[in-house]
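**Q** Can you read through this structure? Questions will come right after.
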Amino acid sequence: QLQASGGGVVQSGGSLRLSCVAPRTIFSEFTTYEMGWYRQAPGTQRELVGTITTSGSTNFADSVKGRFSISRNNSRKTVLLQMNSLKPGDTAIYYCSAKRGLDTSWGQGTLVTVSS
(Lines give C-alpha, C1' and ligand atoms only; values in the text may rest on other atoms or scores of the structure.)
Protein backbone atom coordinates (compact mmCIF):
# COMPACT_ATOMS: atom_id res chain seq x y z
CA GLN A 1 0.00 0.00 0.00
CA LEU A 2 1.22 3.49 -0.78
CA GLN A 3 2.28 5.29 2.39
CA ALA A 4 1.60 9.03 2.52
CA SER A 5 2.96 11.18 5.32
CA GLY A 6 3.75 14.76 6.22
CA GLY A 7 0.33 16.15 6.95
CA GLY A 8 -0.39 18.42 9.87
CA VAL A 9 -1.73 21.77 10.94
CA VAL A 10 -0.30 24.91 9.38
CA GLN A 11 -1.31 28.54 9.33
CA SER A 12 -2.58 30.21 6.19
CA GLY A 13 0.36 31.21 4.02
CA GLY A 14 2.54 28.44 5.37
CA SER A 15 4.11 25.42 3.68
CA LEU A 16 4.04 21.67 4.04
CA ARG A 17 5.71 18.86 2.17
CA LEU A 18 3.96 15.55 1.78
CA SER A 19 5.78 12.35 0.97
CA CYS A 20 4.55 9.08 -0.49
CA VAL A 21 6.49 5.83 -0.60
CA ALA A 22 5.58 3.11 -3.06
CA PRO A 23 4.84 -0.38 -1.78
CA ARG A 24 7.55 -2.99 -2.23
CA THR A 25 5.34 -4.83 -4.71
CA ILE A 26 6.01 -2.14 -7.32
CA PHE A 27 9.55 -1.13 -6.30
CA SER A 28 11.21 -2.72 -9.29
CA GLU A 29 8.76 -1.10 -11.72
CA PHE A 30 8.28 2.25 -9.99
CA THR A 31 9.58 4.20 -12.99
CA THR A 32 6.72 2.86 -15.11
CA TYR A 33 4.04 4.37 -12.89
CA GLU A 34 2.48 7.78 -13.20
CA MET A 35 2.21 9.15 -9.66
CA GLY A 36 -0.44 11.51 -8.45
CA TRP A 37 -1.83 13.42 -5.51
CA TYR A 38 -5.52 13.84 -4.83
CA ARG A 39 -7.43 15.40 -1.98
CA GLN A 40 -10.82 15.14 -0.39
CA ALA A 41 -12.35 17.76 1.85
CA PRO A 42 -15.28 16.90 4.16
CA GLY A 43 -18.51 16.56 2.22
CA THR A 44 -16.83 16.74 -1.18
CA GLN A 45 -15.62 14.31 -3.79
CA ARG A 46 -11.98 13.39 -4.20
CA GLU A 47 -10.30 15.77 -6.61
CA LEU A 48 -7.04 15.85 -8.50
CA VAL A 49 -4.23 17.96 -7.08
CA GLY A 50 -1.50 17.05 -9.55
CA THR A 51 0.33 14.29 -11.33
CA ILE A 52 3.86 13.50 -12.46
CA THR A 53 4.50 11.24 -15.41
CA THR A 54 7.17 8.63 -15.85
CA SER A 55 9.27 11.23 -17.66
CA GLY A 56 8.82 13.83 -14.95
CA SER A 57 6.21 16.06 -16.58
CA THR A 58 3.75 17.56 -14.13
CA ASN A 59 0.14 18.66 -14.34
CA PHE A 60 -1.82 20.54 -11.68
CA ALA A 61 -5.34 21.56 -10.87
CA ASP A 62 -5.95 25.24 -11.52
CA SER A 63 -6.61 25.81 -7.83
CA VAL A 64 -3.02 24.91 -6.88
CA LYS A 65 -1.02 26.02 -9.91
CA GLY A 66 1.90 28.20 -8.94
CA ARG A 67 1.68 27.14 -5.29
CA PHE A 68 2.22 23.38 -5.36
CA SER A 69 4.92 21.31 -7.00
CA ILE A 70 5.47 17.57 -7.42
CA SER A 71 8.72 15.68 -7.74
CA ARG A 72 9.68 12.04 -7.78
CA ASN A 73 12.77 10.21 -6.63
CA ASN A 74 12.94 6.98 -8.56
CA SER A 75 15.83 5.60 -6.55
CA ARG A 76 13.92 6.06 -3.30
CA LYS A 77 10.54 5.10 -4.85
CA THR A 78 8.99 8.26 -3.45
CA VAL A 79 6.93 11.16 -4.72
CA LEU A 80 6.80 14.53 -2.96
CA LEU A 81 4.14 17.21 -2.92
CA GLN A 82 5.50 20.61 -1.92
CA MET A 83 2.70 22.93 -0.89
CA ASN A 84 3.36 26.64 -0.48
CA SER A 85 1.13 29.62 0.23
CA LEU A 86 -1.44 27.32 1.77
CA LYS A 87 -5.00 28.51 2.14
CA PRO A 88 -7.85 27.30 4.38
CA GLY A 89 -9.46 25.92 1.22
CA ASP A 90 -6.55 23.48 0.91
CA THR A 91 -7.71 21.70 4.06
CA ALA A 92 -8.36 18.08 3.13
CA ILE A 93 -7.13 14.53 3.36
CA TYR A 94 -4.42 14.11 0.75
CA TYR A 95 -3.95 10.78 -1.04
CA CYS A 96 -1.22 9.60 -3.35
CA SER A 97 -1.83 7.29 -6.26
CA ALA A 98 0.16 5.09 -8.62
CA LYS A 99 -1.28 4.56 -12.09
CA ARG A 100 -0.18 2.27 -14.87
CA GLY A 101 -2.49 1.54 -17.76
CA LEU A 102 -6.01 1.05 -16.43
CA ASP A 103 -4.89 0.20 -12.91
CA THR A 104 -4.64 2.75 -10.13
CA SER A 105 -3.49 2.03 -6.60
CA TRP A 106 -4.22 4.22 -3.62
CA GLY A 107 -2.80 4.59 -0.18
CA GLN A 108 -4.16 5.87 3.06
CA GLY A 109 -4.41 9.62 3.23
CA THR A 110 -2.70 12.22 5.34
CA LEU A 111 -4.65 15.09 6.82
CA VAL A 112 -3.69 18.68 6.06
CA THR A 113 -5.40 21.41 8.05
CA VAL A 114 -4.81 25.06 7.18
CA SER A 115 -5.94 27.51 9.82
CA SER A 116 -6.90 31.10 9.01
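Chain lettering (A, B, ...) mirrors the order of the C-alpha coordinates, residue numbering begins at 1 for each chain separately, and ligand numbering begins at 1 in order of display.
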Output as a PDB file with N, CA and C atoms, in the first residue's frame all residues of chain A that backbone DSSP marks as strand (DSSP E).
**A**
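Listed below is the output, out-v8.pdb:
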```
ATOM      1  N   LEU A   2       0.478   2.238  -0.777  1.00  0.00           N
ATOM      2  CA  LEU A   2       1.216   3.493  -0.780  1.00  0.00           C
ATOM      3  C   LEU A   2       1.124   4.133   0.604  1.00  0.00           C
ATOM      4  N   GLN A   3       2.226   4.686   1.057  1.00  0.00           N
ATOM      5  CA  GLN A   3       2.279   5.287   2.391  1.00  0.00           C
ATOM      6  C   GLN A   3       2.515   6.783   2.255  1.00  0.00           C
ATOM      7  N   ALA A   4       1.479   7.580   2.549  1.00  0.00           N
ATOM      8  CA  ALA A   4       1.604   9.033   2.524  1.00  0.00           C
ATOM      9  C   ALA A   4       1.858   9.543   3.919  1.00  0.00           C
ATOM     10  N   SER A   5       2.649  10.585   4.018  1.00  0.00           N
ATOM     11  CA  SER A   5       2.956  11.181   5.321  1.00  0.00           C
ATOM     12  C   SER A   5       3.269  12.651   5.135  1.00  0.00           C
ATOM     13  N   GLY A   8      -0.383  17.762   8.578  1.00  0.00           N
ATOM     14  CA  GLY A   8      -0.386  18.415   9.874  1.00  0.00           C
ATOM     15  C   GLY A   8      -1.204  19.683   9.819  1.00  0.00           C
ATOM     16  N   VAL A   9      -1.019  20.492  10.834  1.00  0.00           N
ATOM     17  CA  VAL A   9      -1.729  21.769  10.939  1.00  0.00           C
ATOM     18  C   VAL A   9      -0.749  22.887  10.631  1.00  0.00           C
ATOM     19  N   VAL A  10      -1.159  23.794   9.768  1.00  0.00           N
ATOM     20  CA  VAL A  10      -0.300  24.910   9.380  1.00  0.00           C
ATOM     21  C   VAL A  10      -1.157  26.152   9.232  1.00  0.00           C
ATOM     22  N   GLN A  11      -0.579  27.291   9.477  1.00  0.00           N
ATOM     23  CA  GLN A  11      -1.314  28.538   9.330  1.00  0.00           C
ATOM     24  C   GLN A  11      -1.404  28.930   7.854  1.00  0.00           C
ATOM     25  N   LEU A  16       3.896  23.047   3.591  1.00  0.00           N
ATOM     26  CA  LEU A  16       4.037  21.665   4.039  1.00  0.00           C
ATOM     27  C   LEU A  16       4.575  20.849   2.875  1.00  0.00           C
ATOM     28  N   ARG A  17       5.263  19.780   3.194  1.00  0.00           N
ATOM     29  CA  ARG A  17       5.714  18.856   2.165  1.00  0.00           C
ATOM     30  C   ARG A  17       5.211  17.460   2.504  1.00  0.00           C
ATOM     31  N   LEU A  18       4.466  16.898   1.604  1.00  0.00           N
ATOM     32  CA  LEU A  18       3.959  15.547   1.779  1.00  0.00           C
ATOM     33  C   LEU A  18       4.852  14.569   1.016  1.00  0.00           C
ATOM     34  N   SER A  19       4.959  13.378   1.579  1.00  0.00           N
ATOM     35  CA  SER A  19       5.784  12.353   0.968  1.00  0.00           C
ATOM     36  C   SER A  19       4.968  11.084   0.801  1.00  0.00           C
ATOM     37  N   CYS A  20       5.251  10.338  -0.245  1.00  0.00           N
ATOM     38  CA  CYS A  20       4.549   9.076  -0.491  1.00  0.00           C
ATOM     39  C   CYS A  20       5.563   8.041  -0.945  1.00  0.00           C
ATOM     40  N   VAL A  21       5.584   6.920  -0.259  1.00  0.00           N
ATOM     41  CA  VAL A  21       6.493   5.828  -0.598  1.00  0.00           C
ATOM     42  C   VAL A  21       5.708   4.705  -1.252  1.00  0.00           C
ATOM     43  N   GLU A  34       2.792   6.370 -13.354  1.00  0.00           N
ATOM     44  CA  GLU A  34       2.477   7.783 -13.198  1.00  0.00           C
ATOM     45  C   GLU A  34       1.989   7.969 -11.764  1.00  0.00           C
ATOM     46  N   MET A  35       2.560   8.922 -11.057  1.00  0.00           N
ATOM     47  CA  MET A  35       2.212   9.150  -9.661  1.00  0.00           C
ATOM     48  C   MET A  35       1.347  10.397  -9.551  1.00  0.00           C
ATOM     49  N   GLY A  36       0.453  10.378  -8.591  1.00  0.00           N
ATOM     50  CA  GLY A  36      -0.439  11.507  -8.450  1.00  0.00           C
ATOM     51  C   GLY A  36      -0.788  11.811  -7.005  1.00  0.00           C
ATOM     52  N   TRP A  37      -1.294  12.996  -6.814  1.00  0.00           N
ATOM     53  CA  TRP A  37      -1.827  13.422  -5.513  1.00  0.00           C
ATOM     54  C   TRP A  37      -3.257  13.897  -5.718  1.00  0.00           C
ATOM     55  N   TYR A  38      -4.125  13.449  -4.836  1.00  0.00           N
ATOM     56  CA  TYR A  38      -5.523  13.842  -4.830  1.00  0.00           C
ATOM     57  C   TYR A  38      -5.868  14.312  -3.423  1.00  0.00           C
ATOM     58  N   ARG A  39      -6.987  14.973  -3.299  1.00  0.00           N
ATOM     59  CA  ARG A  39      -7.429  15.397  -1.978  1.00  0.00           C
ATOM     60  C   ARG A  39      -8.942  15.332  -1.882  1.00  0.00           C
ATOM     61  N   GLN A  40      -9.387  15.208  -0.648  1.00  0.00           N
ATOM     62  CA  GLN A  40     -10.821  15.143  -0.391  1.00  0.00           C
ATOM     63  C   GLN A  40     -11.135  15.904   0.876  1.00  0.00           C
ATOM     64  N   GLU A  47     -10.656  14.998  -5.436  1.00  0.00           N
ATOM     65  CA  GLU A  47     -10.298  15.767  -6.612  1.00  0.00           C
ATOM     66  C   GLU A  47      -8.796  15.691  -6.865  1.00  0.00           C
ATOM     67  N   LEU A  48      -8.451  15.874  -8.124  1.00  0.00           N
ATOM     68  CA  LEU A  48      -7.045  15.854  -8.499  1.00  0.00           C
ATOM     69  C   LEU A  48      -6.319  17.080  -7.978  1.00  0.00           C
ATOM     70  N   VAL A  49      -5.120  16.862  -7.434  1.00  0.00           N
ATOM     71  CA  VAL A  49      -4.228  17.960  -7.078  1.00  0.00           C
ATOM     72  C   VAL A  49      -3.191  18.110  -8.186  1.00  0.00           C
ATOM     73  N   GLY A  50      -2.504  17.023  -8.505  1.00  0.00           N
ATOM     74  CA  GLY A  50      -1.501  17.051  -9.553  1.00  0.00           C
ATOM     75  C   GLY A  50      -0.933  15.682  -9.814  1.00  0.00           C
ATOM     76  N   THR A  51      -0.274  15.559 -10.950  1.00  0.00           N
ATOM     77  CA  THR A  51       0.331  14.287 -11.329  1.00  0.00           C
ATOM     78  C   THR A  51       1.744  14.519 -11.868  1.00  0.00           C
ATOM     79  N   ILE A  52       2.527  13.455 -11.851  1.00  0.00           N
ATOM     80  CA  ILE A  52       3.857  13.496 -12.456  1.00  0.00           C
ATOM     81  C   ILE A  52       4.017  12.216 -13.264  1.00  0.00           C
ATOM     82  N   THR A  58       4.754  17.366 -15.177  1.00  0.00           N
ATOM     83  CA  THR A  58       3.751  17.560 -14.132  1.00  0.00           C
ATOM     84  C   THR A  58       2.511  18.272 -14.679  1.00  0.00           C
ATOM     85  N   ASN A  59       1.415  18.033 -13.984  1.00  0.00           N
ATOM     86  CA  ASN A  59       0.141  18.656 -14.335  1.00  0.00           C
ATOM     87  C   ASN A  59      -0.577  18.963 -13.028  1.00  0.00           C
ATOM     88  N   PHE A  60      -1.196  20.134 -12.936  1.00  0.00           N
ATOM     89  CA  PHE A  60      -1.821  20.539 -11.677  1.00  0.00           C
ATOM     90  C   PHE A  60      -3.229  21.068 -11.901  1.00  0.00           C
ATOM     91  N   PHE A  68       1.819  24.762  -5.649  1.00  0.00           N
ATOM     92  CA  PHE A  68       2.222  23.385  -5.359  1.00  0.00           C
ATOM     93  C   PHE A  68       3.177  22.875  -6.430  1.00  0.00           C
ATOM     94  N   SER A  69       4.052  21.968  -6.047  1.00  0.00           N
ATOM     95  CA  SER A  69       4.924  21.309  -7.005  1.00  0.00           C
ATOM     96  C   SER A  69       5.042  19.834  -6.629  1.00  0.00           C
ATOM     97  N   ILE A  70       5.324  19.012  -7.630  1.00  0.00           N
ATOM     98  CA  ILE A  70       5.473  17.572  -7.422  1.00  0.00           C
ATOM     99  C   ILE A  70       6.818  17.142  -7.980  1.00  0.00           C
ATOM    100  N   SER A  71       7.475  16.253  -7.253  1.00  0.00           N
ATOM    101  CA  SER A  71       8.719  15.683  -7.739  1.00  0.00           C
ATOM    102  C   SER A  71       8.736  14.199  -7.380  1.00  0.00           C
ATOM    103  N   ARG A  72       9.562  13.459  -8.082  1.00  0.00           N
ATOM    104  CA  ARG A  72       9.682  12.036  -7.779  1.00  0.00           C
ATOM    105  C   ARG A  72      11.150  11.658  -7.685  1.00  0.00           C
ATOM    106  N   ASN A  73      11.428  10.735  -6.796  1.00  0.00           N
ATOM    107  CA  ASN A  73      12.773  10.208  -6.631  1.00  0.00           C
ATOM    108  C   ASN A  73      12.692   8.728  -6.931  1.00  0.00           C
ATOM    109  N   THR A  78       9.847   7.312  -4.139  1.00  0.00           N
ATOM    110  CA  THR A  78       8.994   8.263  -3.452  1.00  0.00           C
ATOM    111  C   THR A  78       8.528   9.364  -4.393  1.00  0.00           C
ATOM    112  N   VAL A  79       7.422   9.983  -4.020  1.00  0.00           N
ATOM    113  CA  VAL A  79       6.931  11.162  -4.717  1.00  0.00           C
ATOM    114  C   VAL A  79       6.598  12.205  -3.663  1.00  0.00           C
ATOM    115  N   LEU A  80       6.983  13.445  -3.916  1.00  0.00           N
ATOM    116  CA  LEU A  80       6.795  14.528  -2.964  1.00  0.00           C
ATOM    117  C   LEU A  80       5.809  15.549  -3.502  1.00  0.00           C
ATOM    118  N   LEU A  81       5.032  16.109  -2.593  1.00  0.00           N
ATOM    119  CA  LEU A  81       4.142  17.212  -2.924  1.00  0.00           C
ATOM    120  C   LEU A  81       4.541  18.390  -2.043  1.00  0.00           C
ATOM    121  N   GLN A  82       5.124  19.394  -2.642  1.00  0.00           N
ATOM    122  CA  GLN A  82       5.500  20.614  -1.923  1.00  0.00           C
ATOM    123  C   GLN A  82       4.353  21.611  -2.044  1.00  0.00           C
ATOM    124  N   MET A  83       3.833  22.014  -0.909  1.00  0.00           N
ATOM    125  CA  MET A  83       2.697  22.927  -0.889  1.00  0.00           C
ATOM    126  C   MET A  83       3.099  24.232  -0.233  1.00  0.00           C
ATOM    127  N   ALA A  92      -7.813  19.317   3.685  1.00  0.00           N
ATOM    128  CA  ALA A  92      -8.358  18.078   3.127  1.00  0.00           C
ATOM    129  C   ALA A  92      -7.485  16.911   3.561  1.00  0.00           C
ATOM    130  N   ILE A  93      -7.974  15.723   3.282  1.00  0.00           N
ATOM    131  CA  ILE A  93      -7.126  14.532   3.363  1.00  0.00           C
ATOM    132  C   ILE A  93      -6.478  14.365   1.993  1.00  0.00           C
ATOM    133  N   TYR A  94      -5.174  14.226   1.986  1.00  0.00           N
ATOM    134  CA  TYR A  94      -4.422  14.106   0.747  1.00  0.00           C
ATOM    135  C   TYR A  94      -4.013  12.648   0.541  1.00  0.00           C
ATOM    136  N   TYR A  95      -4.242  12.167  -0.676  1.00  0.00           N
ATOM    137  CA  TYR A  95      -3.950  10.782  -1.038  1.00  0.00           C
ATOM    138  C   TYR A  95      -2.958  10.750  -2.196  1.00  0.00           C
ATOM    139  N   CYS A  96      -2.063   9.788  -2.179  1.00  0.00           N
ATOM    140  CA  CYS A  96      -1.224   9.595  -3.349  1.00  0.00           C
ATOM    141  C   CYS A  96      -1.722   8.384  -4.128  1.00  0.00           C
ATOM    142  N   SER A  97      -1.381   8.372  -5.393  1.00  0.00           N
ATOM    143  CA  SER A  97      -1.830   7.291  -6.261  1.00  0.00           C
ATOM    144  C   SER A  97      -0.695   6.865  -7.184  1.00  0.00           C
ATOM    145  N   ALA A  98      -0.789   5.632  -7.640  1.00  0.00           N
ATOM    146  CA  ALA A  98       0.156   5.088  -8.617  1.00  0.00           C
ATOM    147  C   ALA A  98      -0.656   4.481  -9.743  1.00  0.00           C
ATOM    148  N   LYS A  99      -0.462   4.986 -10.948  1.00  0.00           N
ATOM    149  CA  LYS A  99      -1.278   4.562 -12.088  1.00  0.00           C
ATOM    150  C   LYS A  99      -0.406   3.994 -13.195  1.00  0.00           C
ATOM    151  N   ARG A 100      -0.832   2.844 -13.696  1.00  0.00           N
ATOM    152  CA  ARG A 100      -0.180   2.268 -14.867  1.00  0.00           C
ATOM    153  C   ARG A 100      -1.268   1.599 -15.701  1.00  0.00           C
ATOM    154  N   ASP A 103      -4.926   0.502 -14.341  1.00  0.00           N
ATOM    155  CA  ASP A 103      -4.889   0.200 -12.910  1.00  0.00           C
ATOM    156  C   ASP A 103      -4.358   1.375 -12.105  1.00  0.00           C
ATOM    157  N   THR A 104      -5.064   1.698 -11.045  1.00  0.00           N
ATOM    158  CA  THR A 104      -4.635   2.745 -10.128  1.00  0.00           C
ATOM    159  C   THR A 104      -4.664   2.207  -8.701  1.00  0.00           C
ATOM    160  N   SER A 105      -3.569   2.420  -8.001  1.00  0.00           N
ATOM    161  CA  SER A 105      -3.491   2.028  -6.595  1.00  0.00           C
ATOM    162  C   SER A 105      -3.515   3.272  -5.730  1.00  0.00           C
ATOM    163  N   TRP A 106      -4.097   3.113  -4.560  1.00  0.00           N
ATOM    164  CA  TRP A 106      -4.217   4.223  -3.618  1.00  0.00           C
ATOM    165  C   TRP A 106      -3.614   3.818  -2.284  1.00  0.00           C
ATOM    166  N   GLY A 107      -3.261   4.838  -1.533  1.00  0.00           N
ATOM    167  CA  GLY A 107      -2.800   4.594  -0.185  1.00  0.00           C
ATOM    168  C   GLY A 107      -3.720   5.273   0.806  1.00  0.00           C
ATOM    169  N   GLN A 108      -3.389   5.146   2.062  1.00  0.00           N
ATOM    170  CA  GLN A 108      -4.155   5.870   3.064  1.00  0.00           C
ATOM    171  C   GLN A 108      -3.792   7.337   2.955  1.00  0.00           C
ATOM    172  N   THR A 110      -3.294  11.449   4.238  1.00  0.00           N
ATOM    173  CA  THR A 110      -2.703  12.216   5.335  1.00  0.00           C
ATOM    174  C   THR A 110      -3.443  13.543   5.411  1.00  0.00           C
ATOM    175  N   LEU A 111      -3.797  13.924   6.628  1.00  0.00           N
ATOM    176  CA  LEU A 111      -4.655  15.094   6.818  1.00  0.00           C
ATOM    177  C   LEU A 111      -3.839  16.372   6.847  1.00  0.00           C
ATOM    178  N   VAL A 112      -4.282  17.333   6.059  1.00  0.00           N
ATOM    179  CA  VAL A 112      -3.694  18.677   6.059  1.00  0.00           C
ATOM    180  C   VAL A 112      -4.775  19.649   6.506  1.00  0.00           C
ATOM    181  N   THR A 113      -4.472  20.415   7.537  1.00  0.00           N
ATOM    182  CA  THR A 113      -5.400  21.409   8.048  1.00  0.00           C
ATOM    183  C   THR A 113      -4.728  22.771   7.996  1.00  0.00           C
ATOM    184  N   VAL A 114      -5.356  23.707   7.294  1.00  0.00           N
ATOM    185  CA  VAL A 114      -4.809  25.060   7.181  1.00  0.00           C
ATOM    186  C   VAL A 114      -5.717  25.998   7.960  1.00  0.00           C
ATOM    187  N   SER A 115      -5.159  26.615   8.977  1.00  0.00           N
ATOM    188  CA  SER A 115      -5.939  27.511   9.824  1.00  0.00           C
ATOM    189  C   SER A 115      -5.812  28.943   9.323  1.00  0.00           C
TER     190      SER A 115
END
```
**Q** Go through A:Gly56, A:Gly13, A:Gly109, A:Pro88 and flag the residue nearest Asn74 (chain A), using only C-alpha atoms for the distances.
**A**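 Using only C-alpha atoms, the shortest distance to Asn74 (chain A) belongs to A:Gly56.
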**Q** CA of Asp62 (chain A) and CA of Gly6 (chain A) are how many Å apart?
**A**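 Distance between the two atoms: 22.8 Å.
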**Q** Measuring between only C-alpha atoms, which one of A:Gly7, A:Ala22, A:Thr54, A:Ser63 shows the shortest distance to Gly89 (chain A)?
**A**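 Comparing A:Gly7, A:Ala22, A:Thr54, A:Ser63 against Gly89 (chain A), the winner is A:Ser63.
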**Q** Determine which residues of chain A receive a DSSP assignment of helix (DSSP H, G or I), computed from the backbone, and state them as a VMD selection string.
**A** chain A and resid 24 to 32 88 to 90
**Q** Can you work out which one of A:Thr44, A:Ser116, A:Ser57, A:Thr32 has the shortest atom-to-atom distance to Ser12 (chain A), counting only C-alpha atoms?
**A**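 Distance minimum relative to Ser12 (chain A) lands on A:Ser116.
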